[in-house]
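Please read the structure below before turning to the comments.
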Amino acid sequence: HRGPDPPCYKGAVSVTVAQMAERWRAREASRVDRANLRAEALRAKLPQAADLLVSRGASRVWVFGSLAGSQVQEDSDVDLAVAGPPAEA
């Protein structure tokens, strides 16, 4: 015996597993598109950021982290490593 049937909620919508999967795929594709657009915009600004750092004394600038690879998310930040002249004593 399974017990009583679950209550039926007014306004509830019946959704199939296939519909849920399709909605998830659509949301995931949209999230990936937004992440890729963000990555493109951030990468386009990297030369300007590097030029600014070099003009302030940096000798080398590296980008690392998610933006350097393919793991960019919608909220990814920009990770830079900067080598500059030695600090004055």
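Identifiers in the structure tokens: chain A, B, ... in order shown; residue index from 1 per chain; ligand index from 1 in order shown.
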
Range 52-62 of chain A environment, 8 Å, only C-alpha atoms, sequence neighbours closer than 3 positions dropped, as an mmCIF file with N, CA and C atoms, in the first residue's frame:
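Result saved to out-v2.cif:
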```cif
data_model
loop_
_atom_site.group_PDB
_atom_site.id
_atom_site.type_symbol
_atom_site.label_atom_id
_atom_site.label_comp_id
_atom_site.auth_asym_id
_atom_site.auth_seq_id
_atom_site.Cartn_x
_atom_site.Cartn_y
_atom_site.Cartn_z
ATOM 1 N N GLN A 48 44.030 47.151 -23.524
ATOM 2 C CA GLN A 48 43.967 48.479 -22.915
ATOM 3 C C GLN A 48 44.437 48.418 -21.458
ATOM 4 N N ALA A 49 44.009 47.392 -20.741
ATOM 5 C CA ALA A 49 44.426 47.228 -19.339
ATOM 6 C C ALA A 49 45.934 46.992 -19.260
ATOM 7 N N LEU A 80 44.840 39.050 -13.261
ATOM 8 C CA LEU A 80 46.079 39.504 -13.896
ATOM 9 C C LEU A 80 47.236 39.342 -12.926
ATOM 10 N N ALA A 81 48.374 38.912 -13.464
ATOM 11 C CA ALA A 81 49.626 38.916 -12.715
ATOM 12 C C ALA A 81 50.500 39.980 -13.357
ATOM 13 N N VAL A 82 51.132 40.794 -12.554
ATOM 14 C CA VAL A 82 51.882 41.931 -13.070
ATOM 15 C C VAL A 82 53.288 41.906 -12.486
ATOM 16 N N ALA A 83 54.298 42.014 -13.363
ATOM 17 C CA ALA A 83 55.686 42.173 -12.941
ATOM 18 C C ALA A 83 56.080 43.605 -13.226
ATOM 19 N N GLY A 84 56.721 44.220 -12.282
ATOM 20 C CA GLY A 84 57.096 45.613 -12.472
ATOM 21 C C GLY A 84 58.506 45.876 -11.984
ATOM 22 N N PRO A 85 58.897 47.123 -11.975
ATOM 23 C CA PRO A 85 60.214 47.454 -11.476
ATOM 24 C C PRO A 85 60.291 47.145 -9.974
#
```

Test item: residues at most 10 Å from Gly65 in chain A, only C-alpha atoms, excluding those fewer than 6 positions along its chain, as an MDAnalysis selection string: chainID A and resid 71:72 76:80

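Put simply, CA of Ser70 in chain A is 17.3 Å away from CA of Lys45 in chain A.
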
Every residue of chain A that DSSP places in helix (DSSP H, G or I), as a ChimeraX atom specification: /A:17-55,65-67

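Here the question is which of A:Leu67, A:Ala87, A:Ala26, A:Ala18 gets nearest to Arg38 in chain A using only C-alpha atoms, and that residue is A:Leu67.
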
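Here the DSSP assignment of strand (DSSP E), based on backbone atoms, applies within chain A to Arg60, Val61, Trp62, Val63, Phe64, Asp79, Leu80, Ala81, Val82 and Ala83 of chain A.
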
Writer output for current selection, C-alpha atoms, as a compact mmCIF listing (two decimals), in the first residue's frame:
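Heads up, here's the output in part_3.txt:
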```txt
# COMPACT_ATOMS: atom_id res chain seq x y z
CA ARG A 60 55.02 42.20 -17.99
CA VAL A 61 51.33 41.41 -17.62
CA TRP A 62 49.77 37.93 -17.67
CA VAL A 63 46.14 36.92 -17.67
CA PHE A 64 45.27 33.70 -15.84
CA ASP A 79 42.85 37.71 -13.02
CA LEU A 80 46.08 39.50 -13.90
CA ALA A 81 49.63 38.92 -12.72
CA VAL A 82 51.88 41.93 -13.07
CA ALA A 83 55.69 42.17 -12.94
```
